>>> print(open('my_file.tsv').read())   # TSV, C-alpha atoms
chain	number	residue	atom	x	y	z
A	8	MET	CA	16.29	26.35	10.71
A	9	GLU	CA	17.52	23.77	8.26
A	10	GLU	CA	16.65	26.07	5.35
A	11	ASP	CA	18.66	28.91	6.96
A	12	LYS	CA	21.69	26.63	7.35
A	13	LYS	CA	21.44	25.56	3.71
A	14	LYS	CA	21.30	29.20	2.61
A	15	GLN	CA	24.36	30.10	4.69
A	16	SER	CA	26.38	27.16	3.32
A	17	GLU	CA	25.38	28.06	-0.23
A	18	GLU	CA	26.42	31.72	0.31
A	19	GLY	CA	29.78	30.60	1.79
A	20	LEU	CA	30.35	28.30	-1.17
A	21	GLN	CA	29.59	31.15	-3.56
A	22	GLU	CA	32.07	33.44	-1.73
A	23	ASP	CA	34.82	30.79	-1.89
A	24	THR	CA	34.15	30.22	-5.57
A	25	SER	CA	34.26	33.95	-6.32
A	26	ALA	CA	37.50	34.38	-4.37
A	27	GLU	CA	39.05	31.44	-6.19
A	28	THR	CA	37.87	32.92	-9.48
A	29	GLU	CA	39.52	36.26	-8.63
A	30	LEU	CA	42.78	34.51	-7.70
A	31	ASN	CA	42.77	32.51	-10.92
A	32	ALA	CA	42.04	35.65	-12.88
A	33	GLY	CA	44.99	37.34	-11.22
A	34	ASP	CA	47.20	34.38	-12.04
A	35	GLU	CA	46.08	34.44	-15.67
A	36	LEU	CA	46.66	38.17	-15.84
A	37	ALA	CA	50.19	37.72	-14.45
A	38	VAL	CA	50.90	35.01	-17.00
A	39	ALA	CA	49.49	37.17	-19.76
A	40	ASP	CA	51.85	39.97	-18.76
A	41	GLY	CA	54.83	37.63	-18.91
A	42	GLU	CA	55.20	37.27	-15.13
A	43	LYS	CA	55.32	34.11	-13.09
A	44	PRO	CA	52.06	32.90	-11.49
A	45	LEU	CA	51.51	33.64	-7.82
A	46	ASP	CA	53.30	31.10	-5.66
A	47	ARG	CA	51.75	30.61	-2.22
A	48	ASN	CA	55.01	29.00	-0.98
A	49	VAL	CA	57.25	31.89	-1.95
A	50	ARG	CA	59.52	33.20	0.85
A	51	LEU	CA	59.55	36.89	1.67
A	52	MET	CA	62.85	38.70	1.10
A	53	SER	CA	64.53	40.14	4.18
A	54	PRO	CA	65.13	43.92	4.31
A	55	ALA	CA	68.90	43.48	4.30
A	56	ARG	CA	68.75	41.25	1.24
A	57	MET	CA	66.43	43.68	-0.49
A	58	VAL	CA	68.83	46.57	0.17
A	59	ALA	CA	71.78	44.53	-1.11
A	60	ARG	CA	69.82	43.56	-4.23
A	61	ARG	CA	68.95	47.19	-4.97
A	62	PHE	CA	72.52	48.27	-4.32
A	63	PHE	CA	74.15	45.75	-6.63
A	64	ARG	CA	71.66	46.49	-9.40
A	65	SER	CA	73.24	49.93	-9.77
A	66	LYS	CA	76.29	49.82	-11.99
A	67	LEU	CA	77.75	52.99	-10.50
A	68	SER	CA	77.48	51.52	-7.00
A	69	VAL	CA	79.37	48.42	-8.05
A	70	ILE	CA	82.01	50.52	-9.82
A	71	GLY	CA	82.45	52.66	-6.70
A	72	LEU	CA	82.78	49.58	-4.51
A	73	VAL	CA	85.41	48.14	-6.85
A	74	MET	CA	87.32	51.46	-6.72
A	75	ILE	CA	87.39	51.48	-2.92
A	76	VAL	CA	88.34	47.81	-2.57
A	77	THR	CA	91.12	48.26	-5.14
A	78	LEU	CA	92.59	51.22	-3.25
A	79	LEU	CA	92.42	49.32	0.05
A	80	LEU	CA	94.18	46.29	-1.42
A	81	PHE	CA	96.74	48.51	-3.12
A	82	SER	CA	97.55	50.40	0.07
A	83	TRP	CA	97.65	47.51	2.54
A	84	LEU	CA	98.74	44.53	0.44
A	85	GLY	CA	100.85	46.41	-2.10
A	86	PRO	CA	103.93	46.81	0.15
A	87	VAL	CA	103.81	43.08	0.89
A	88	PHE	CA	104.50	42.26	-2.76
A	89	TYR	CA	106.54	45.34	-3.68
A	90	GLN	CA	109.37	45.18	-1.15
A	91	ARG	CA	112.16	46.77	-3.14
A	92	TRP	CA	112.14	49.99	-1.17
A	93	GLY	CA	111.11	50.98	2.32
A	94	GLU	CA	108.80	53.86	3.18
A	95	THR	CA	111.62	56.23	4.18
A	96	GLU	CA	114.47	54.67	2.16
A	97	ARG	CA	116.39	56.84	-0.29
A	98	ASP	CA	118.07	55.74	-3.46
A	99	GLU	CA	121.69	56.88	-3.07
A	100	SER	CA	122.94	55.40	-6.32
A	101	GLY	CA	123.06	58.75	-8.04
A	102	LYS	CA	126.08	60.76	-9.15
A	103	ILE	CA	129.27	60.15	-7.18
A	104	ASP	CA	131.97	62.84	-6.89
A	105	TYR	CA	135.55	61.63	-6.55
A	106	GLY	CA	138.58	63.37	-5.13
A	107	TYR	CA	142.17	62.37	-4.60
A	108	GLU	CA	144.60	62.39	-1.76
A	109	GLU	CA	148.35	62.89	-2.31
A	110	ILE	CA	150.48	60.40	-0.38
A	111	THR	CA	154.28	60.50	-0.20
A	112	VAL	CA	156.25	57.38	0.70
A	113	ILE	CA	160.04	56.92	1.23
A	114	ASP	CA	161.39	53.48	0.49
A	115	GLU	CA	164.37	51.64	2.06
A	116	ASN	CA	166.86	53.29	-0.29
A	117	GLY	CA	165.70	56.74	0.69
A	118	GLU	CA	163.88	57.38	-2.56
A	119	GLU	CA	160.74	59.38	-2.36
A	120	PHE	CA	157.60	58.26	-4.19
A	121	THR	CA	154.39	60.19	-4.53
A	122	PHE	CA	151.10	58.62	-5.53
A	123	TYR	CA	147.49	59.66	-5.46
A	124	GLN	CA	144.68	57.72	-3.77
A	125	VAL	CA	141.23	58.26	-5.25
A	126	THR	CA	138.53	58.81	-2.64
A	127	GLU	CA	134.74	59.21	-2.77
A	128	THR	CA	134.03	62.73	-1.56
A	129	HIS	CA	130.29	63.03	-2.16
A	130	ARG	CA	127.44	60.73	-3.14
A	131	THR	CA	124.19	62.32	-4.33
A	132	ILE	CA	120.74	60.76	-4.09
A	133	ASN	CA	119.02	59.55	-7.23
A	134	SER	CA	116.65	62.52	-7.27
A	135	LEU	CA	113.72	62.66	-9.74
A	136	ALA	CA	114.77	59.43	-11.44
A	137	PRO	CA	112.66	58.48	-14.46
A	138	ILE	CA	110.35	55.48	-14.63
A	139	SER	CA	112.41	52.29	-14.84
A	140	GLY	CA	112.48	48.68	-13.77
A	141	GLU	CA	114.06	49.70	-10.47
A	142	HIS	CA	111.55	52.47	-9.82
A	143	LEU	CA	108.20	51.72	-11.47
A	144	LEU	CA	107.01	55.31	-10.95
A	145	GLY	CA	110.40	56.98	-10.60
A	146	THR	CA	111.65	58.80	-7.52
A	147	ASP	CA	110.71	62.08	-5.94
A	148	LYS	CA	112.90	65.06	-5.11
A	149	ALA	CA	114.23	63.32	-2.00
A	150	GLY	CA	115.18	60.18	-3.93
A	151	MET	CA	112.34	58.06	-2.48
A	152	ASP	CA	110.43	55.56	-4.59
A	153	VAL	CA	107.11	57.14	-5.64
A	154	LEU	CA	105.19	53.85	-5.85
A	155	THR	CA	106.20	52.83	-2.34
A	156	ARG	CA	105.25	56.22	-0.91
A	157	LEU	CA	101.96	56.04	-2.81
A	158	MET	CA	101.07	52.79	-1.03
A	159	TYR	CA	102.02	53.97	2.44
A	160	GLY	CA	100.43	57.35	1.77
A	161	GLY	CA	97.18	55.57	0.91
A	162	ARG	CA	97.27	53.84	4.28
A	163	ILE	CA	97.53	57.16	6.09
A	164	SER	CA	94.98	59.05	3.97
A	165	LEU	CA	92.36	56.29	4.11
A	166	SER	CA	92.98	55.60	7.80
A	167	ILE	CA	92.54	59.27	8.68
A	168	SER	CA	89.29	59.38	6.72
A	169	PHE	CA	87.78	56.21	8.21
A	170	ILE	CA	88.76	56.93	11.81
A	171	ALA	CA	87.73	60.58	11.64
A	172	VAL	CA	84.34	59.77	10.07
A	173	PHE	CA	83.57	57.05	12.64
A	174	ALA	CA	84.56	59.37	15.49
A	175	ILE	CA	82.47	62.21	14.03
A	176	THR	CA	79.47	59.89	13.66
A	177	PHE	CA	79.78	58.54	17.21
A	178	ILE	CA	79.97	62.00	18.79
A	179	GLY	CA	77.15	63.25	16.55
A	180	ILE	CA	74.91	60.31	17.52
A	181	VAL	CA	75.49	60.85	21.24
A	182	PHE	CA	74.91	64.62	21.33
A	183	GLY	CA	72.27	64.66	18.60
A	184	GLY	CA	70.35	61.83	20.25
A	185	ILE	CA	70.38	63.55	23.64
A	186	ALA	CA	69.35	66.89	22.15
A	187	GLY	CA	66.54	65.45	20.04
A	188	TYR	CA	65.09	63.22	22.73
A	189	PHE	CA	65.16	65.49	25.79
A	190	GLY	CA	64.66	68.85	24.03
A	191	GLY	CA	64.25	71.97	26.12
A	192	ARG	CA	67.32	73.49	27.73
A	193	ILE	CA	69.53	70.51	26.91
A	194	ASP	CA	68.63	70.76	23.23
A	195	ASN	CA	69.17	74.52	23.24
A	196	LEU	CA	72.57	74.22	24.96
A	197	ILE	CA	73.90	71.52	22.59
A	198	MET	CA	72.62	73.24	19.47
A	199	ARG	CA	74.09	76.61	20.45
A	200	PHE	CA	77.44	74.90	21.03
A	201	CYS	CA	77.14	73.37	17.57
A	202	ASP	CA	76.38	76.81	16.13
A	203	ILE	CA	79.54	78.21	17.71
A	204	LEU	CA	81.70	75.44	16.25
A	205	MET	CA	80.11	75.82	12.81
A	206	CYS	CA	80.69	79.58	12.83
A	207	LEU	CA	84.40	79.32	13.62
A	208	PRO	CA	86.82	79.85	10.71
A	209	THR	CA	88.11	76.29	10.58
A	210	LEU	CA	91.01	76.69	8.16
A	211	PRO	CA	92.71	79.67	9.90
A	212	ILE	CA	92.36	77.91	13.26
A	213	LEU	CA	93.93	74.76	11.84
A	214	LEU	CA	96.80	76.80	10.42
A	215	ILE	CA	97.37	78.33	13.85
A	216	LEU	CA	97.28	74.89	15.45
A	217	GLY	CA	99.76	73.61	12.87
A	218	THR	CA	102.14	76.45	13.72
A	219	LEU	CA	101.69	75.63	17.39
A	220	LEU	CA	102.63	72.00	16.74
A	221	ASP	CA	105.76	73.17	14.94
A	222	SER	CA	106.76	75.40	17.84
A	223	LEU	CA	106.26	72.53	20.28
A	224	GLY	CA	108.48	70.29	18.14
A	225	VAL	CA	105.89	67.53	17.68
A	226	ASP	CA	107.33	64.56	15.80
A	227	SER	CA	106.13	64.05	12.23
A	228	LYS	CA	104.74	60.58	12.90
A	229	TYR	CA	102.44	61.93	15.64
A	230	ARG	CA	100.93	64.76	13.60
A	231	ILE	CA	98.44	62.32	12.09
A	232	TYR	CA	96.75	61.85	15.47
A	233	PHE	CA	96.42	65.59	16.03
A	234	LEU	CA	95.05	65.94	12.49
A	235	MET	CA	92.32	63.36	13.19
A	236	ILE	CA	91.41	65.12	16.45
A	237	PHE	CA	91.15	68.49	14.70
A	238	LEU	CA	88.97	67.06	11.93
A	239	THR	CA	86.68	65.40	14.49
A	240	VAL	CA	86.26	68.45	16.71
A	241	PHE	CA	85.24	70.75	13.86
A	242	SER	CA	83.07	68.29	11.91
A	243	TRP	CA	80.68	66.55	14.35
A	244	PRO	CA	78.04	69.35	14.62
A	245	GLY	CA	76.64	68.53	11.16
A	246	THR	CA	76.02	64.90	12.11
A	247	ALA	CA	74.51	65.96	15.45
A	248	ARG	CA	72.03	68.21	13.65
A	249	LEU	CA	71.06	65.39	11.29
A	250	VAL	CA	70.45	62.96	14.16
A	251	ARG	CA	68.53	65.54	16.17
A	252	GLY	CA	66.19	66.34	13.28
A	253	GLN	CA	65.40	62.67	12.66
A	254	ILE	CA	64.78	61.94	16.35
A	255	LEU	CA	62.44	64.92	16.69
A	256	PHE	CA	60.31	63.25	14.03
A	257	LEU	CA	60.65	59.66	15.25
A	258	ARG	CA	59.97	60.25	18.94
A	259	GLU	CA	56.32	61.04	18.19
A	260	GLN	CA	55.71	57.72	16.41
A	261	GLU	CA	53.42	54.99	17.81
A	262	TYR	CA	56.19	52.60	18.81
A	263	MET	CA	57.79	55.30	20.94
A	264	VAL	CA	54.45	55.88	22.70
A	265	ALA	CA	54.36	52.14	23.37
A	266	ALA	CA	57.95	52.25	24.70
A	267	ASP	CA	56.93	55.06	27.08
A	268	ALA	CA	53.94	53.03	28.25
A	269	MET	CA	56.17	50.03	28.98
A	270	GLY	CA	58.45	52.17	31.13
A	271	TYR	CA	61.68	51.81	29.13
A	272	SER	CA	64.62	53.95	30.21
A	273	ALA	CA	65.69	56.96	28.16
A	274	ALA	CA	68.97	55.32	27.12
A	275	ARG	CA	67.15	52.23	25.87
A	276	LYS	CA	64.63	54.26	23.91
A	277	ILE	CA	67.37	56.39	22.32
A	278	PHE	CA	69.94	53.73	21.45
A	279	LYS	CA	67.63	50.75	20.84
A	280	HIS	CA	64.60	52.31	19.19
A	281	LEU	CA	65.51	55.74	17.83
A	282	ILE	CA	69.13	55.45	16.67
A	283	PRO	CA	68.57	52.21	14.65
A	284	ASN	CA	65.91	54.04	12.66
A	285	VAL	CA	68.35	56.87	11.95
A	286	LEU	CA	71.15	54.53	10.84
A	287	PRO	CA	70.15	54.37	7.15
A	288	GLN	CA	70.55	58.15	6.81
A	289	LEU	CA	73.74	58.03	8.88
A	290	ILE	CA	75.27	55.32	6.70
A	291	VAL	CA	74.68	57.38	3.59
A	292	SER	CA	76.04	60.49	5.33
A	293	MET	CA	79.14	58.62	6.50
A	294	THR	CA	79.84	57.26	3.03
A	295	LEU	CA	79.58	60.67	1.42
A	296	SER	CA	81.65	62.22	4.23
A	297	LEU	CA	84.54	59.84	3.55
A	298	GLY	CA	85.17	61.46	0.18
A	299	SER	CA	85.05	64.98	1.58
A	300	THR	CA	87.32	63.99	4.48
A	301	ILE	CA	89.94	62.67	2.06
A	302	LEU	CA	89.82	66.00	0.20
A	303	TYR	CA	90.07	67.85	3.51
A	304	GLU	CA	93.08	65.80	4.59
A	305	ALA	CA	94.72	66.31	1.19
A	306	SER	CA	94.17	70.06	1.46
A	307	LEU	CA	95.67	70.22	4.94
A	308	SER	CA	98.63	68.08	3.88
A	309	TYR	CA	99.12	70.30	0.84
A	310	LEU	CA	99.28	73.28	3.21
A	311	ASN	CA	102.00	71.42	5.15
A	312	MET	CA	99.67	70.84	8.11
A	313	GLY	CA	99.33	67.10	7.77
A	314	VAL	CA	101.84	64.28	7.71
A	315	ARG	CA	105.36	65.44	6.90
A	316	ALA	CA	108.40	63.86	5.32
A	317	PRO	CA	109.83	61.31	5.52
A	318	TYR	CA	106.31	59.91	6.01
A	319	ALA	CA	103.85	60.25	3.17
A	320	ALA	CA	100.21	61.03	2.56
A	321	TRP	CA	98.60	61.69	-0.79
A	322	GLY	CA	98.24	65.38	-0.04
A	323	THR	CA	101.84	65.59	1.16
A	324	MET	CA	103.06	64.01	-2.08
A	325	ILE	CA	101.20	66.65	-4.11
A	326	ASN	CA	102.62	69.41	-1.93
A	327	ILE	CA	105.94	69.06	-3.76
A	328	ILE	CA	104.58	70.99	-6.77
A	329	SER	CA	104.22	74.11	-4.61
A	330	GLU	CA	107.94	74.04	-3.90
A	331	ASP	CA	109.26	73.55	-7.42
A	332	ILE	CA	107.41	74.61	-10.59
A	333	ASN	CA	109.78	72.45	-12.63
A	334	ILE	CA	108.28	69.31	-11.07
A	335	LEU	CA	104.78	70.47	-11.98
A	336	GLN	CA	105.76	70.99	-15.60
A	337	ASN	CA	108.07	68.05	-16.27
A	338	TYR	CA	107.53	65.31	-13.68
A	339	PHE	CA	103.92	64.13	-13.83
A	340	ASN	CA	104.99	60.74	-12.45
A	341	VAL	CA	105.78	62.41	-9.11
A	342	TRP	CA	102.54	64.31	-8.41
A	343	GLY	CA	100.08	62.73	-10.87
A	344	PRO	CA	99.58	59.28	-9.23
A	345	PRO	CA	98.57	60.62	-5.78
A	346	GLY	CA	96.18	63.06	-7.45
A	347	ILE	CA	94.62	60.20	-9.43
A	348	CYS	CA	94.28	58.13	-6.23
A	349	ILE	CA	92.46	60.99	-4.51
A	350	ILE	CA	90.06	61.32	-7.45
A	351	ILE	CA	89.38	57.56	-7.48
A	352	ALA	CA	88.76	57.50	-3.71
A	353	VAL	CA	86.37	60.47	-3.75
A	354	LEU	CA	84.44	59.18	-6.77
A	355	GLY	CA	84.27	55.68	-5.28
A	356	PHE	CA	82.85	56.85	-1.97
A	357	ASN	CA	80.37	59.16	-3.69
A	358	PHE	CA	79.17	56.36	-5.99
A	359	VAL	CA	78.71	54.01	-3.04
A	360	GLY	CA	76.92	56.74	-1.07
A	361	ASP	CA	74.50	57.41	-3.92
A	362	GLY	CA	73.85	53.69	-4.28
A	363	LEU	CA	73.16	53.25	-0.57
A	364	ARG	CA	70.85	56.25	-0.57
A	365	ASP	CA	68.74	54.74	-3.34
A	366	ALA	CA	68.87	51.23	-1.88
A	367	LEU	CA	67.79	52.35	1.61
A	368	ASP	CA	64.94	54.49	0.30
A	369	PRO	CA	61.70	52.56	1.04
A	370	LYS	CA	59.92	54.37	-1.77
A	371	MET	CA	62.27	52.91	-4.37
A	372	LYS	CA	60.65	49.97	-6.19
A	373	ARG	CA	63.55	49.16	-8.49
>>> encode(input="my_file.tsv", output="structure tokens")
Amino acid sequence: MEEDKKKQSEEGLQEDTSAETELNAGDELAVADGEKPLDRNVRLMSPARMVARRFFRSKLSVIGLVMIVTLLLFSWLGPVFYQRWGETERDESGKIDYGYEEITVIDENGEEFTFYQVTETHRTINSLAPISGEHLLGTDKAGMDVLTRLMYGGRISLSISFIAVFAITFIGIVFGGIAGYFGGRIDNLIMRFCDILMCLPTLPILLILGTLLDSLGVDSKYRIYFLMIFLTVFSWPGTARLVRGQILFLREQEYMVAADAMGYSAARKIFKHLIPNVLPQLIVSMTLSLGSTILYEASLSYLNMGVRAPYAAWGTMINIISEDINILQNYFNVWGPPGICIIIAVLGFNFVGDGLRDALDPKMKR
């Protein structure tokens, strides 16, 4: 018995020595490769920190984030510092036409005197004024300051994009989650409804709706809300399909079998276990959709379906070139800046979307 115990202790000692030797060899190999030795006290990095580290390692992602933040600060804080002109204020310091009025007066001696009083008969707006200290980007055809309208137009264009994308994502999550989890007739009904919406000619319908708004006399400042509703109604089926496809895959995983065994409700399984696992793909999809939504809003505004004067959006500001070819040829300061802002916004959101896609990919090691 004592001999058996001695043998077992000797074998255990040999195993510990061999394991220690392997660990030391690994440490030496790491040092030989120029890496730091293995630290047993090192703290594991959280998933959120790991994603942020991967994201900020990409130069394009950082550039895109800087683009977006710059546009947001320009649109919301710009009017606070540049208060020379209001959003709908016109510069009426242009050419003034003068007339005269003949006045006849008889004095005490009965003599008649005639004199002429000069009067201001017409004052024109300072239309298409060049770049100057008073107007840093000149004025447009209506005499409004281009820089001021660019800031307020950025508020509207970016707000439409953010609100529409969040609404599209919310509706897509709800219907896509229900369709993917329950399947059967519910899935078939929701997906066929999505097919119908995706088959509709969106642009002609929007043009008809725009004409309908004109006939109803809808105020210009309320058209933005109808525009967001239209964009949401015709755009959520794509997100619903994405969510449904991911949930069809995830609902067969082991943790969902465990959730079924524990008797969780359907709502809890969908919104607490399935949707959080779809969020990485949804975040990337939302980021990329922001750029396309800005282009969509600019296109609709260019077609005179979006926000109308005196209010501004970037697409509305570009629409002026369709009315006057002279502005397109000779006044780049009027339509160029909003076009550049649209390009910066779309590129920024696409760069951030690509960076998030790489950072959220678990297969990425760098």
>>> closest_residue(input="my_file.tsv", among="A:Thr218, A:Ser292, A:Ser227, A:Gln90", to="Arg156 in chain A", atoms="all atoms listed in the file")
A:Gln90
>>> closest_atom_pairs(input="my_file.tsv", of="range 92-177 of chain A", to="range 233-243 of chain A", cutoff="12 Å", atoms="all atoms listed in the file", output="Markdown table")
| residue | atom | partner | partner_atom | distance |
| --- | --- | --- | --- | --- |
| A:Ile163 | CA | A:Met235 | CA | 10.8 |
| A:Ser164 | CA | A:Met235 | CA | 10.5 |
| A:Leu165 | CA | A:Met235 | CA | 11.5 |
| A:Ser166 | CA | A:Met235 | CA | 9.5 |
| A:Ile167 | CA | A:Met235 | CA | 6.1 |
| A:Ser168 | CA | A:Met235 | CA | 8.2 |
| A:Phe169 | CA | A:Met235 | CA | 9.8 |
| A:Ile170 | CA | A:Met235 | CA | 7.5 |
| A:Ala171 | CA | A:Met235 | CA | 5.6 |
| A:Val172 | CA | A:Thr239 | CA | 7.5 |
| A:Phe173 | CA | A:Thr239 | CA | 9.1 |
| A:Ala174 | CA | A:Thr239 | CA | 6.5 |
| A:Ile175 | CA | A:Trp243 | CA | 4.7 |
| A:Thr176 | CA | A:Trp243 | CA | 6.8 |
| A:Phe177 | CA | A:Trp243 | CA | 8.6 |
>>> atom_distance(input="my_file.tsv", atom1="CA of Trp321 in chain A", atom2="CA of His142 in chain A")
18.3 Å
>>> closest_residue(input="my_file.tsv", among="A:Ala274, A:Val225, A:Leu143, A:Arg248", to="Asn195 in chain A", atoms="only C-alpha atoms")
A:Arg248
>>> closest_atom_pairs(input="my_file.tsv", of="range 239-317 of chain A", to="range 330-353 of chain A", cutoff="12 Å", atoms="only C-alpha atoms", output="tab-separated table")
residue	atom	partner	partner_atom	distance
A:Thr294	CA	A:Val353	CA	9.9
A:Leu295	CA	A:Val353	CA	8.5
A:Ser296	CA	A:Val353	CA	9.4
A:Leu297	CA	A:Val353	CA	7.6
A:Gly298	CA	A:Val353	CA	4.2
A:Ser299	CA	A:Val353	CA	7.1
A:Thr300	CA	A:Val353	CA	9.0
A:Ile301	CA	A:Val353	CA	7.2
A:Leu302	CA	A:Ile349	CA	7.4
A:Tyr303	CA	A:Ile349	CA	10.8
A:Glu304	CA	A:Ile349	CA	10.3
A:Ala305	CA	A:Ile349	CA	8.1
A:Ser306	CA	A:Ile349	CA	11.0
A:Tyr309	CA	A:Glu330	CA	10.7
A:Leu310	CA	A:Glu330	CA	11.2
A:Asn311	CA	A:Glu330	CA	11.1
>>> atom_distance(input="my_file.tsv", atom1="CA of Thr246 in chain A", atom2="CA of Met198 in chain A")
11.6 Å
>>> atom_distance(input="my_file.tsv", atom1="CA of Gly313 in chain A", atom2="CA of Ala149 in chain A")
18.2 Å
>>> residues_around(input="my_file.tsv", residues="Ser100 in chain A", least_positions_apart="5", cutoff="12 Å", atoms="only C-alpha atoms", output="ChimeraX atom specification")
/A:129-134,136,141,146,150-151
>>> residues_around(input="my_file.tsv", residues="Lys66 in chain A", least_positions_apart="5", cutoff="12 Å", atoms="only C-alpha atoms", output="ChimeraX atom specification")
/A:60-61,71-73,355,358-359,361-362
>>> write_last_selection(input="my_file.tsv", atoms="C-alpha atoms", output="PDB file, in the frame of the given file")
ATOM      1  CA  ARG A  60      69.820  43.560  -4.230  1.00  0.00           C
ATOM      2  CA  ARG A  61      68.950  47.190  -4.970  1.00  0.00           C
ATOM      3  CA  GLY A  71      82.450  52.660  -6.700  1.00  0.00           C
ATOM      4  CA  LEU A  72      82.780  49.580  -4.510  1.00  0.00           C
ATOM      5  CA  VAL A  73      85.410  48.140  -6.850  1.00  0.00           C
ATOM      6  CA  GLY A 355      84.270  55.680  -5.280  1.00  0.00           C
ATOM      7  CA  PHE A 358      79.170  56.360  -5.990  1.00  0.00           C
ATOM      8  CA  VAL A 359      78.710  54.010  -3.040  1.00  0.00           C
ATOM      9  CA  ASP A 361      74.500  57.410  -3.920  1.00  0.00           C
ATOM     10  CA  GLY A 362      73.850  53.690  -4.280  1.00  0.00           C
TER      11      GLY A 362
END
>>> closest_residue(input="my_file.tsv", among="A:Pro208, A:Pro283, A:Pro86, A:Gly179", to="Leu249 in chain A", atoms="all atoms listed in the file")
A:Gly179
